[in-house]
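Okay, entry.cif is below, mmCIF, C-alpha atoms and all ligand atoms:
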```cif
data_run
#
loop_
_atom_site.label_atom_id
_atom_site.label_comp_id
_atom_site.auth_asym_id
_atom_site.auth_seq_id
_atom_site.Cartn_x
_atom_site.Cartn_y
_atom_site.Cartn_z
CA MET L 220 -25.85 76.83 139.30
CA ARG L 221 -23.91 79.01 141.76
CA LEU L 222 -21.48 80.94 139.59
CA LEU L 223 -18.45 83.15 139.87
CA VAL L 224 -18.65 85.49 136.87
CA THR L 225 -15.59 87.67 136.37
CA GLY L 226 -15.63 90.91 134.38
CA GLY L 227 -19.42 91.00 134.73
CA CYS L 228 -19.57 94.81 134.63
CA GLY L 229 -18.20 94.86 131.08
CA PHE L 230 -20.07 94.58 127.80
CA ILE L 231 -20.46 90.81 127.33
CA GLY L 232 -20.30 89.88 131.03
CA SER L 233 -23.21 92.18 131.93
CA ASN L 234 -25.33 90.82 129.07
CA PHE L 235 -24.47 87.30 130.25
CA ILE L 236 -25.47 87.97 133.86
CA ARG L 237 -28.78 89.45 132.71
CA MET L 238 -29.50 86.36 130.63
CA ALA L 239 -28.35 83.80 133.23
CA LEU L 240 -30.42 85.32 136.08
CA ARG L 241 -33.47 85.55 133.81
CA ASP L 242 -33.23 82.09 132.22
CA ASP L 243 -32.34 80.03 135.30
CA PRO L 244 -34.41 81.01 138.34
CA GLU L 245 -32.20 78.77 140.53
CA SER L 246 -28.96 80.53 139.62
CA PHE L 247 -26.88 82.66 141.98
CA ILE L 248 -24.10 84.89 140.67
CA CYS L 249 -21.11 86.47 142.35
CA ASN L 250 -19.69 89.07 139.96
CA ALA L 251 -15.99 89.83 140.57
CA ASP L 252 -14.88 92.85 138.58
CA LYS L 253 -11.89 95.14 139.03
CA LEU L 254 -13.87 98.05 137.54
CA THR L 255 -11.29 99.23 135.02
CA TYR L 256 -12.31 101.99 132.59
CA ALA L 257 -14.44 99.33 130.80
CA GLY L 258 -16.27 98.11 133.91
CA ASN L 259 -19.55 99.90 134.51
CA PRO L 260 -21.91 98.87 137.35
CA ALA L 261 -24.66 100.88 135.60
CA ASN L 262 -24.81 98.06 133.03
CA LEU L 263 -26.45 95.90 135.72
CA ALA L 264 -28.39 98.45 137.80
CA ARG L 265 -31.85 97.24 136.73
CA THR L 266 -30.93 93.55 136.72
CA VAL L 267 -29.70 93.73 140.32
CA LYS L 268 -33.05 95.18 141.47
CA GLU L 269 -35.02 92.54 139.55
CA HIS L 270 -33.27 89.59 141.25
CA PRO L 271 -32.90 90.33 144.98
CA GLY L 272 -30.78 87.81 146.89
CA ARG L 273 -29.44 86.13 143.75
CA TYR L 274 -26.55 88.45 142.93
CA VAL L 275 -23.57 89.85 144.81
CA PHE L 276 -20.83 92.15 143.53
CA ALA L 277 -17.17 92.16 144.62
CA LYS L 278 -14.71 94.76 143.39
CA ALA L 279 -11.82 92.36 142.86
CA ASP L 280 -8.93 91.47 140.57
CA ILE L 281 -8.73 87.99 138.98
CA ALA L 282 -4.97 88.18 139.53
CA ASP L 283 -5.61 88.18 143.33
CA HIS L 284 -5.59 84.46 144.21
CA ASP L 285 -6.67 84.72 147.83
CA THR L 286 -9.65 86.95 147.05
CA MET L 287 -10.80 84.67 144.22
CA LEU L 288 -10.55 81.64 146.55
CA ARG L 289 -12.37 83.47 149.34
CA LEU L 290 -15.26 84.42 147.02
CA LEU L 291 -15.56 80.83 145.74
CA GLU L 292 -15.64 79.50 149.31
CA GLU L 293 -17.75 82.21 150.94
CA HIS L 294 -20.59 81.82 148.40
CA SER L 295 -20.21 78.03 147.86
CA LEU L 296 -19.75 78.53 144.11
CA ASP L 297 -19.51 75.50 141.80
CA GLY L 298 -18.99 77.12 138.38
CA VAL L 299 -16.85 79.91 136.89
CA VAL L 300 -17.22 81.99 133.72
CA ASN L 301 -14.17 84.15 133.08
CA PHE L 302 -14.91 87.26 131.01
CA ALA L 303 -12.39 89.51 132.80
CA ALA L 304 -9.86 90.90 130.35
CA GLU L 305 -8.34 93.94 128.78
CA SER L 306 -10.25 93.75 125.49
CA HIS L 307 -9.31 96.55 123.09
CA VAL L 308 -6.69 95.82 120.42
CA ASP L 309 -5.69 99.49 119.93
CA ARG L 310 -5.01 99.93 123.67
CA SER L 311 -2.84 96.79 123.58
CA ILE L 312 -0.71 98.47 120.90
CA ILE L 313 -0.21 101.55 123.10
CA ASP L 314 0.61 99.51 126.23
CA PRO L 315 0.65 95.68 126.25
CA ALA L 316 1.55 95.34 129.97
CA PRO L 317 -1.97 95.36 131.48
CA PHE L 318 -3.01 92.81 128.84
CA ILE L 319 -0.34 90.37 129.92
CA ARG L 320 -1.10 90.97 133.60
CA THR L 321 -4.86 90.39 133.42
CA ASN L 322 -5.34 88.20 130.36
CA VAL L 323 -2.41 85.85 131.07
CA LEU L 324 -1.41 86.05 134.75
CA GLY L 325 -4.98 86.81 135.85
CA ALA L 326 -6.38 83.91 133.81
CA GLN L 327 -3.83 81.52 135.34
CA THR L 328 -4.43 82.82 138.87
CA LEU L 329 -8.18 82.31 138.52
CA LEU L 330 -7.63 78.75 137.24
CA ALA L 331 -5.41 78.05 140.25
CA ALA L 332 -7.98 79.39 142.73
CA ALA L 333 -10.83 77.48 141.06
CA SER L 334 -8.73 74.26 141.06
CA LYS L 335 -7.95 74.65 144.73
CA HIS L 336 -11.62 75.23 145.61
CA GLY L 337 -12.79 72.51 143.21
CA VAL L 338 -15.49 73.59 140.76
CA SER L 339 -17.52 71.32 138.48
CA ARG L 340 -17.79 73.71 135.50
CA TYR L 341 -15.41 76.40 134.19
CA VAL L 342 -15.74 78.41 130.97
CA HIS L 343 -12.89 80.60 129.75
CA VAL L 344 -14.16 83.18 127.24
CA SER L 345 -11.76 83.67 124.34
CA THR L 346 -11.77 85.10 120.85
CA ASP L 347 -11.37 84.30 117.14
CA GLU L 348 -8.37 86.67 117.12
CA VAL L 349 -6.15 83.92 118.55
CA TYR L 350 -6.18 82.30 115.06
CA GLY L 351 -4.68 85.35 113.35
CA SER L 352 -5.85 86.47 109.93
CA LEU L 353 -7.61 84.80 106.96
CA GLY L 354 -7.25 85.40 103.24
CA GLU L 355 -10.29 85.86 101.03
CA LYS L 356 -11.60 82.32 101.50
CA GLY L 357 -12.07 79.81 104.32
CA ALA L 358 -12.93 80.03 108.00
CA PHE L 359 -11.27 79.29 111.35
CA SER L 360 -12.07 75.94 112.95
CA GLU L 361 -11.03 74.78 116.43
CA THR L 362 -8.03 72.97 114.89
CA THR L 363 -6.69 76.04 113.06
CA PRO L 364 -3.20 76.75 114.49
CA LEU L 365 -2.98 79.73 116.85
CA ALA L 366 -1.20 82.67 115.19
CA PRO L 367 -2.05 85.87 117.08
CA ASN L 368 -0.88 89.20 115.65
CA SER L 369 -1.57 91.82 118.34
CA PRO L 370 -0.48 92.01 121.97
CA TYR L 371 -4.19 91.56 122.85
CA SER L 372 -4.65 88.39 120.79
CA ALA L 373 -1.27 87.02 121.93
CA SER L 374 -2.36 87.41 125.55
CA LYS L 375 -5.67 85.65 124.82
CA ALA L 376 -3.87 82.82 122.98
CA ALA L 377 -1.49 82.39 125.93
CA ALA L 378 -4.45 82.01 128.29
CA ASP L 379 -6.11 79.47 125.96
CA LEU L 380 -2.95 77.35 126.08
CA ILE L 381 -2.78 77.64 129.87
CA CYS L 382 -6.40 76.40 130.00
CA ARG L 383 -5.41 73.46 127.78
CA ALA L 384 -2.53 72.61 130.10
CA TRP L 385 -4.83 72.82 133.15
CA HIS L 386 -7.09 70.22 131.57
CA LYS L 387 -4.31 67.92 130.36
CA THR L 388 -2.15 68.14 133.48
CA TYR L 389 -4.68 68.46 136.31
CA ALA L 390 -7.83 67.05 134.61
CA PHE L 391 -9.44 70.39 135.40
CA PRO L 392 -12.87 70.70 133.70
CA VAL L 393 -12.14 73.87 131.71
CA ILE L 394 -13.91 74.69 128.44
CA VAL L 395 -12.63 77.43 126.10
CA THR L 396 -15.04 79.35 123.88
CA ARG L 397 -13.83 81.48 120.97
CA CYS L 398 -16.21 83.99 119.47
CA SER L 399 -16.17 86.50 116.64
CA ASN L 400 -16.88 90.26 116.96
CA ASN L 401 -19.77 91.06 119.27
CA TYR L 402 -22.12 94.02 119.08
CA GLY L 403 -25.14 95.00 121.16
CA PRO L 404 -26.20 97.12 124.15
CA CYS L 405 -23.59 98.33 126.69
CA GLN L 406 -20.54 97.98 124.42
CA PHE L 407 -17.89 100.51 125.39
CA PRO L 408 -17.66 103.12 122.60
CA GLU L 409 -14.03 102.48 121.73
CA LYS L 410 -15.19 99.50 119.61
CA LEU L 411 -16.11 100.05 115.94
CA ILE L 412 -19.92 100.11 116.01
CA PRO L 413 -20.69 102.38 119.01
CA PHE L 414 -17.62 104.53 118.26
CA MET L 415 -18.73 105.26 114.70
CA TYR L 416 -22.40 105.70 115.62
CA LEU L 417 -21.73 108.25 118.37
CA ARG L 418 -19.31 110.18 116.16
CA ALA L 419 -21.71 110.17 113.20
CA MET L 420 -24.50 111.54 115.39
CA ARG L 421 -22.20 114.43 116.34
CA ASP L 422 -21.21 114.98 112.66
CA GLU L 423 -17.61 114.04 113.51
CA SER L 424 -15.27 112.31 111.05
CA LEU L 425 -15.23 108.48 110.98
CA PRO L 426 -11.65 107.12 110.88
CA LEU L 427 -11.51 103.83 108.97
CA TYR L 428 -8.15 102.07 109.16
CA GLY L 429 -6.44 101.30 105.85
CA ASP L 430 -8.83 100.81 102.93
CA GLY L 431 -11.83 99.90 105.14
CA GLY L 432 -11.82 96.44 103.52
CA ASN L 433 -10.98 94.41 106.65
CA VAL L 434 -13.70 91.87 107.34
CA ARG L 435 -15.22 90.87 110.68
CA ASP L 436 -17.90 88.25 111.39
CA TRP L 437 -20.46 90.06 113.57
CA ILE L 438 -22.54 88.31 116.22
CA HIS L 439 -25.15 89.80 118.51
CA VAL L 440 -23.99 89.68 122.13
CA GLU L 441 -27.10 87.71 123.20
CA ASP L 442 -26.30 84.97 120.68
CA HIS L 443 -22.78 84.80 122.11
CA CYS L 444 -24.09 84.69 125.69
CA ARG L 445 -26.51 81.89 124.82
CA GLY L 446 -23.56 79.93 123.41
CA ILE L 447 -21.60 80.45 126.63
CA LEU L 448 -24.56 79.25 128.73
CA LEU L 449 -24.82 76.15 126.51
CA ALA L 450 -21.09 75.50 126.91
CA LEU L 451 -21.41 75.90 130.68
CA LEU L 452 -24.29 73.43 130.91
CA LYS L 453 -23.46 70.92 128.15
CA GLY L 454 -19.85 71.44 127.04
CA ARG L 455 -17.24 68.68 127.13
CA PRO L 456 -14.48 69.35 129.68
CA GLY L 457 -11.27 70.15 127.79
CA ALA L 458 -13.12 71.16 124.61
CA VAL L 459 -12.75 74.35 122.58
CA TYR L 460 -15.88 75.72 120.86
CA ASN L 461 -16.03 78.36 118.13
CA PHE L 462 -19.04 80.69 117.92
CA GLY L 463 -19.76 82.84 114.87
CA GLY L 464 -22.53 85.04 113.59
CA ASN L 465 -22.79 84.19 109.86
CA ALA L 466 -22.44 87.91 109.20
CA GLU L 467 -19.19 88.74 107.46
CA ARG L 468 -19.06 92.44 106.59
CA ASP L 469 -16.17 94.70 105.70
CA ASN L 470 -15.71 97.76 107.89
CA LEU L 471 -16.78 100.20 105.18
CA ALA L 472 -20.06 98.29 104.73
CA VAL L 473 -20.70 98.43 108.49
CA VAL L 474 -20.02 102.15 108.61
CA ARG L 475 -22.26 102.76 105.57
CA GLU L 476 -25.08 100.88 107.33
CA ILE L 477 -24.58 103.07 110.42
CA LEU L 478 -24.62 106.24 108.29
CA ARG L 479 -27.86 105.10 106.63
CA PHE L 480 -29.43 104.53 110.05
CA CYS L 481 -28.37 108.02 111.21
CA GLY L 482 -29.27 109.75 107.95
CA LYS L 483 -25.71 111.14 107.73
CA PRO L 484 -23.55 111.58 104.61
CA GLU L 485 -20.69 109.28 103.54
CA SER L 486 -18.44 112.34 103.38
CA LEU L 487 -17.87 111.84 107.14
CA VAL L 488 -15.66 108.80 106.36
CA ARG L 489 -11.87 109.31 106.53
CA PHE L 490 -9.44 106.60 105.47
CA VAL L 491 -6.56 106.86 107.96
CA ALA L 492 -3.26 105.06 108.57
CA ASP L 493 -3.80 101.35 109.14
CA ARG L 494 -3.72 99.68 112.57
CA PRO L 495 -0.30 97.97 112.94
CA GLY L 496 -0.66 94.18 112.61
CA HIS L 497 -4.27 94.64 111.45
CA ASP L 498 -5.88 91.24 110.76
CA ARG L 499 -7.50 91.29 107.31
CA ARG L 500 -10.37 88.89 107.74
CA TYR L 501 -12.05 86.71 110.38
CA ALA L 502 -14.72 84.06 109.74
CA MET L 503 -15.85 81.28 112.06
CA GLU L 504 -16.76 77.67 111.39
CA TYR L 505 -18.90 76.63 114.36
CA SER L 506 -20.25 73.18 113.41
CA LEU L 507 -18.78 71.63 116.59
CA ALA L 508 -20.81 74.00 118.79
CA ALA L 509 -23.85 73.36 116.61
CA GLU L 510 -23.51 69.57 116.93
CA GLU L 511 -22.46 69.24 120.57
CA LEU L 512 -24.22 72.23 122.14
CA GLY L 513 -27.08 73.02 119.76
CA PHE L 514 -25.65 76.51 119.18
CA SER L 515 -26.77 78.70 116.30
CA PRO L 516 -26.90 82.49 116.04
CA SER L 517 -30.49 83.69 115.79
CA ARG L 518 -30.36 87.39 114.96
CA SER L 519 -29.61 88.85 111.54
CA PHE L 520 -26.97 91.57 111.47
CA GLU L 521 -29.28 94.22 110.01
CA GLU L 522 -31.98 93.58 112.64
CA GLY L 523 -29.46 93.43 115.50
CA LEU L 524 -27.60 96.53 114.34
CA GLY L 525 -30.80 98.59 114.19
CA GLN L 526 -31.79 97.47 117.71
CA THR L 527 -28.31 98.23 119.00
CA LEU L 528 -28.13 101.73 117.55
CA ARG L 529 -31.62 102.47 118.91
CA TRP L 530 -30.37 101.35 122.35
CA TYR L 531 -27.56 103.93 122.19
CA ALA L 532 -30.05 106.60 121.03
CA ASP L 533 -32.38 105.75 123.94
CA ASN L 534 -29.66 105.77 126.61
CA PRO L 535 -27.95 109.18 126.50
CA GLU L 536 -27.24 109.08 130.27
CA TRP L 537 -25.30 105.84 129.86
CA VAL L 538 -23.37 107.32 126.94
CA ARG L 539 -22.57 110.50 128.90
CA GLY L 540 -21.33 108.38 131.82
CA VAL L 541 -18.72 106.53 129.73
CA THR L 542 -17.51 109.22 127.34
CA SER L 543 -15.93 111.70 129.73
CA GLY L 544 -12.31 112.38 130.88
CA ALA L 545 -10.34 109.14 130.50
CA TYR L 546 -12.22 108.20 127.33
CA LEU L 547 -11.44 111.51 125.65
CA SER L 548 -7.77 111.22 126.64
CA PHE L 549 -7.58 107.79 124.99
CA ILE L 550 -9.23 109.09 121.80
CA GLN L 551 -6.75 111.96 121.72
CA GLU L 552 -3.75 109.71 122.41
CA TRP L 553 -4.69 107.05 119.83
CA TYR L 554 -6.25 109.03 117.00
CA GLY L 555 -4.43 112.35 117.52
CA ASP L 556 -4.92 114.46 114.41
CA LYS L 557 -6.35 111.53 112.39
CA VAL L 558 -9.86 112.66 113.44
P1 LIG F 601 -14.97 94.74 128.22
O1 LIG F 601 -13.67 95.46 128.05
O2 LIG F 601 -16.24 95.43 127.86
O3 LIG F 601 -15.11 94.28 129.74
C1 LIG F 601 -14.07 93.69 130.47
C2 LIG F 601 -14.47 93.65 131.94
O4 LIG F 601 -13.42 92.99 132.67
C3 LIG F 601 -14.65 95.04 132.56
O5 LIG F 601 -15.81 95.06 133.37
C4 LIG F 601 -13.39 95.21 133.43
O6 LIG F 601 -13.59 96.06 134.54
C5 LIG F 601 -13.12 93.77 133.83
N1 LIG F 601 -11.71 93.52 134.19
C6 LIG F 601 -10.60 93.89 133.50
N2 LIG F 601 -9.49 93.48 134.15
C7 LIG F 601 -9.92 92.79 135.24
C8 LIG F 601 -9.25 92.09 136.30
N3 LIG F 601 -7.91 92.03 136.36
N4 LIG F 601 -10.00 91.50 137.26
C9 LIG F 601 -11.37 91.58 137.23
N5 LIG F 601 -12.03 92.24 136.27
C10 LIG F 601 -11.33 92.83 135.29
O7 LIG F 601 -14.82 93.38 127.41
P2 LIG F 601 -15.90 92.53 126.62
O8 LIG F 601 -15.99 93.04 125.23
O9 LIG F 601 -17.12 92.41 127.45
O10 LIG F 601 -15.15 91.13 126.55
C11 LIG F 601 -15.34 90.15 127.57
C12 LIG F 601 -14.51 88.92 127.23
O11 LIG F 601 -14.91 88.40 125.97
C13 LIG F 601 -13.01 89.20 127.11
O12 LIG F 601 -12.32 88.11 127.68
C14 LIG F 601 -12.76 89.28 125.61
O13 LIG F 601 -11.46 88.90 125.30
C15 LIG F 601 -13.78 88.28 125.10
N6 LIG F 601 -14.27 88.50 123.73
C16 LIG F 601 -14.76 89.73 123.35
C17 LIG F 601 -15.28 89.89 122.06
C18 LIG F 601 -15.84 91.22 121.61
O14 LIG F 601 -16.19 91.34 120.43
N7 LIG F 601 -15.99 92.21 122.47
C19 LIG F 601 -15.27 88.82 121.17
C20 LIG F 601 -14.76 87.58 121.59
C21 LIG F 601 -14.28 87.44 122.87
O1 LIG F 602 -11.65 103.60 114.67
C1 LIG F 602 -11.66 102.45 114.20
N1 LIG F 602 -11.48 102.28 112.87
C2 LIG F 602 -11.46 101.07 112.26
O2 LIG F 602 -11.27 100.97 111.04
C3 LIG F 602 -11.89 101.27 115.02
C4 LIG F 602 -12.11 101.40 116.50
C5 LIG F 602 -11.88 100.04 114.40
N2 LIG F 602 -11.65 99.94 113.06
C6 LIG F 602 -11.61 98.59 112.46
C7 LIG F 602 -10.58 97.65 113.05
C8 LIG F 602 -11.22 96.29 112.86
O3 LIG F 602 -10.95 95.81 111.55
O4 LIG F 602 -12.88 97.96 112.72
C9 LIG F 602 -12.73 96.58 112.98
C10 LIG F 602 -13.29 96.27 114.38
O5 LIG F 602 -12.44 96.90 115.31
P1 LIG F 602 -12.66 96.75 116.90
O6 LIG F 602 -14.06 97.14 117.22
O7 LIG F 602 -11.54 97.42 117.59
O8 LIG F 602 -12.62 95.15 117.08
P2 LIG F 602 -11.49 94.08 116.72
O9 LIG F 602 -10.15 94.66 116.67
O10 LIG F 602 -11.96 93.30 115.52
O11 LIG F 602 -11.58 93.15 118.05
C11 LIG F 602 -12.86 92.82 118.63
O12 LIG F 602 -13.27 91.53 118.27
C12 LIG F 602 -12.64 90.44 118.90
C13 LIG F 602 -12.87 92.99 120.14
O13 LIG F 602 -12.44 94.28 120.48
C14 LIG F 602 -12.06 91.94 120.81
O14 LIG F 602 -12.17 92.06 122.22
C15 LIG F 602 -12.54 90.60 120.40
O15 LIG F 602 -11.74 89.61 120.94
#
```
Represent the supplied structure as structure tokens.
Amino acid sequence: MRLLVTGGCGFIGSNFIRMALRDDPESFICNADKLTYAGNPANLARTVKEHPGRYVFAKADIADHDTMLRLLEEHSLDGVVNFAAESHVDRSIIDPAPFIRTNVLGAQTLLAAASKHGVSRYVHVSTDEVYGSLGEKGAFSETTPLAPNSPYSASKAAADLICRAWHKTYAFPVIVTRCSNNYGPCQFPEKLIPFMYLRAMRDESLPLYGDGGNVRDWIHVEDHCRGILLALLKGRPGAVYNFGGNAERDNLAVVREILRFCGKPESLVRFVADRPGHDRRYAMEYSLAAEELGFSPSRSFEEGLGQTLRWYADNPEWVRGVTSGAYLSFIQEWYGDKV
């Protein structure tokens, strides 16, 4: 397939492009990425060399209709996978505006450009956070009502509803995928796992929000990307598919596992003021994706976590490249004297 992938220089998008170019020798990908702080062309440096003539990059904003249309036309693209987003909940608490601009207006603009061009397949990548928060039992299904609690998740939920309207009103073949927390290589170290690992290795304190008992369902990024590829190839237009990892862990358990891997003491943990609007628990029911797409996560959390932390240990240049100026300012602004 000839694809427009947006946000392909980020964590999940770059893993997806690597997998799609490797698994489908016929595929061609145009990666449109605005290169925000989270967009890193180094994530794809090797992949680009391995697949000459099958990949082009455009520094572009999904909220720019004419550029999106031009890219679709210029490269005769017939499918879209939209990863482009502002993705960090804590940043959305500091300043929601870029989240609304990219995740809502950008998502709608991209849908409009893809409708005008006419594509056969379109996957919009969303998140379990649109469902809000669970109590101790149960799991989100695709029919769980949307109840987002952060500016980030509200912006993602808005885009999901716009996708729904595009299908109902214009019969546009959009599919929405909602996934739980990803981990794996190339994740920007503002997210829990790489953030805590890099701090632990420097013997810095590890700030856990609240009592550390919030639960996330962790999925390896390659399992998520395989699900997206399946949705792209086999998904029902108009459908929503949940993906989960069968790996519910509370944050303290995840941090303890990281400390064990690093051989560092638990005394590094600090319980700090809770994140406002902090969702207590996520868990995903993904039987629809299993039945209709053949999706199932393949990697256990312990195995995937070890591989991921080894990747960070083996790539100090990559880490240095993303943890300078702007990153340090964000850490200072958000955590202040909590760390
Ligand atoms: P990320 O922050 O690592 O990457 C986002 C990418 O989008 C970056 O390359 C950035 O430069 C690009 N981008 C941002 N604004 C843009 C714009 N206006 N136009 C073009 N490009 C733009 O995010 P991620 O963790 O890779 O997440 C990718 C997608 O998956 C997001 O839509 C996110 O909501 C969703 N998602 C993430 C997770 C997770 O655990 N990380 C889980 C479920 C769903
Ligand atoms: O310093 C921290 N301390 C802490 O206790 C950080 C960074 C996180 N946490 C907690 C908050 C969450 O309960 O760890 C958990 C995971 O936090 P994040 O890595 O920020 O992820 P989360 O808020 O769960 O959202 C992620 O999963 C769904 C992604 O960032 C989203 O893009 C995705 O949609």
Identify, counting all atoms listed in the file, the protein, DNA and RNA residues located within 6 Å of ligand LIG 602 (chain F), and give them as number ranges by chain. L: 306-308, 346, 348, 399-400, 409-411, 426-428, 433, 470
Which chains and residue numbers are within 7 Å of ligand LIG 601 (chain F), counting all atoms listed in the file, if I want them as a PyMOL selection string? chain L and resi 225-232+251-259+279-282+301-307+321+325+344-347+375+397-402+406-407
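Restricting the calculation to all atoms listed in the file, the smallest distance between Pro495 in chain L and any of L:Asp283, L:Thr388, L:Asn368, L:Tyr416 is found for L:Asn368.
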Skipping near chain neighbours, those fewer than 5 positions away, what residues fall within 12 Å of Ser424 in chain L using all atoms listed in the file, listed as a list in words? Phe414, Met415, Tyr416, Leu417, Arg418, Ala419, Val474, Leu478, Lys483, Pro484, Glu485, Ser486, Leu487, Val488, Arg489, Phe490, Val491, Tyr554, Asp556, Lys557 and Val558 of chain L
Across L:Arg435, L:Lys356, L:Arg494, L:His294, the smallest distance to Ser311 in chain L, with all atoms listed in the file counted, is shown by L:Arg494
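Between Glu293 in chain L and the candidates L:Ala508, L:His336, L:Asn465, L:Ala502, the tightest atom-to-atom separation, counting only C-alpha atoms, involves L:His336.
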Any idea what the distance is between CA of Arg500 in chain L and CA of Asn234 in chain L? 26.1 Å
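In this model, the gap between CA of Val349 in chain L and CA of Ser372 in chain L comes to 5.2 Å.
For the pair CA of Pro317 in chain L and CA of Ser548 in chain L, the separation is 17.6 Å.
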Tell me, as a VMD selection string, which residues lie within 10 Å of Phe549 in chain L, counting all atoms listed in the file; anything in the same chain fewer than 3 positions away does not count. chain L and resid 309 to 310 313 409 544 to 546 552 to 555
Could you turn the residues from that selection into a file that holds C-alpha atoms, as a CSV table (one decimal), in the coordinates of the input?
```csv
chain,number,residue,atom,x,y,z
L,309,ASP,CA,-5.7,99.5,119.9
L,310,ARG,CA,-5.0,99.9,123.7
L,313,ILE,CA,-0.2,101.6,123.1
L,409,GLU,CA,-14.0,102.5,121.7
L,544,GLY,CA,-12.3,112.4,130.9
L,545,ALA,CA,-10.3,109.1,130.5
L,546,TYR,CA,-12.2,108.2,127.3
L,552,GLU,CA,-3.8,109.7,122.4
L,553,TRP,CA,-4.7,107.0,119.8
L,554,TYR,CA,-6.2,109.0,117.0
L,555,GLY,CA,-4.4,112.4,117.5
```
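With all atoms listed in the file as the basis for measurement, L:Leu223 is the residue among L:Leu223, L:Asp314, L:Ala331, L:Phe235 that approaches Leu291 in chain L most closely.
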Enclose the full set of atoms of range 492-497 of chain L listed in the file within a box whose edges lie along x, y and z, apply 3 Å of padding to each of the six sides, and report centre and edge lengths in Å to one decimal as lines of an AutoDock Vina configuration file.
```
center_x = -2.3
center_y = 99.6
center_z = 110.8
size_x = 10.0
size_y = 16.9
size_z = 10.4
```
Shortest contact to Leu425 in chain L, candidates L:Arg445, L:His497, L:Arg475, L:His284, atoms counted only C-alpha atoms, goes to L:Arg475
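Excluding Arg221 in chain L itself and any same-chain residue fewer than 3 positions from it, the protein and nucleic acid residues within 9 Å of it, counting all atoms listed in the file, are L:Glu245, L:Ser246, L:Phe247, L:Ile248, L:Cys249, L:His294, L:Ser295, L:Leu296, L:Asp297, L:Gly298, L:Val299.
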Counting all atoms listed in the file, write as an MDAnalysis selection string all protein and nucleic acid residues lying at most 12 Å from (-9.6, 73.8, 124.1) in the file's frame. chainID L and resid 341:346 360:365 376:387 391:397 450 454:461
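Using only C-alpha atoms, the nearest neighbour of Cys481 in chain L within the list L:Met420, L:Val224, L:Val300, L:Ala239 is L:Met420.
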Contacts of Gly523 in chain L within 10 Å, all atoms listed in the file, excl. fewer than 2 positions in-chain, as an mmCIF file with C-alpha atoms, in the frame of the given file:
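The file below, selection-v9.cif, is the result:
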```cif
data_model
loop_
_atom_site.group_PDB
_atom_site.id
_atom_site.type_symbol
_atom_site.label_atom_id
_atom_site.label_comp_id
_atom_site.auth_asym_id
_atom_site.auth_seq_id
_atom_site.Cartn_x
_atom_site.Cartn_y
_atom_site.Cartn_z
ATOM 1 C CA TYR L 402 -22.120 94.020 119.080
ATOM 2 C CA GLY L 403 -25.140 95.000 121.160
ATOM 3 C CA PRO L 404 -26.200 97.120 124.150
ATOM 4 C CA TRP L 437 -20.460 90.060 113.570
ATOM 5 C CA ILE L 438 -22.540 88.310 116.220
ATOM 6 C CA HIS L 439 -25.150 89.800 118.510
ATOM 7 C CA VAL L 440 -23.990 89.680 122.130
ATOM 8 C CA GLU L 441 -27.100 87.710 123.200
ATOM 9 C CA SER L 517 -30.490 83.690 115.790
ATOM 10 C CA ARG L 518 -30.360 87.390 114.960
ATOM 11 C CA SER L 519 -29.610 88.850 111.540
ATOM 12 C CA PHE L 520 -26.970 91.570 111.470
ATOM 13 C CA GLU L 521 -29.280 94.220 110.010
ATOM 14 C CA GLY L 525 -30.800 98.590 114.190
ATOM 15 C CA GLN L 526 -31.790 97.470 117.710
ATOM 16 C CA THR L 527 -28.310 98.230 119.000
ATOM 17 C CA LEU L 528 -28.130 101.730 117.550
ATOM 18 C CA ARG L 529 -31.620 102.470 118.910
#
```
If we count all atoms listed in the file, what is near Lys453 in chain L at a cut-off of 10 Å, once residues fewer than 2 positions away on the same chain are taken out, given as number ranges by chain? L: 340, 447-451, 455-456, 511-513
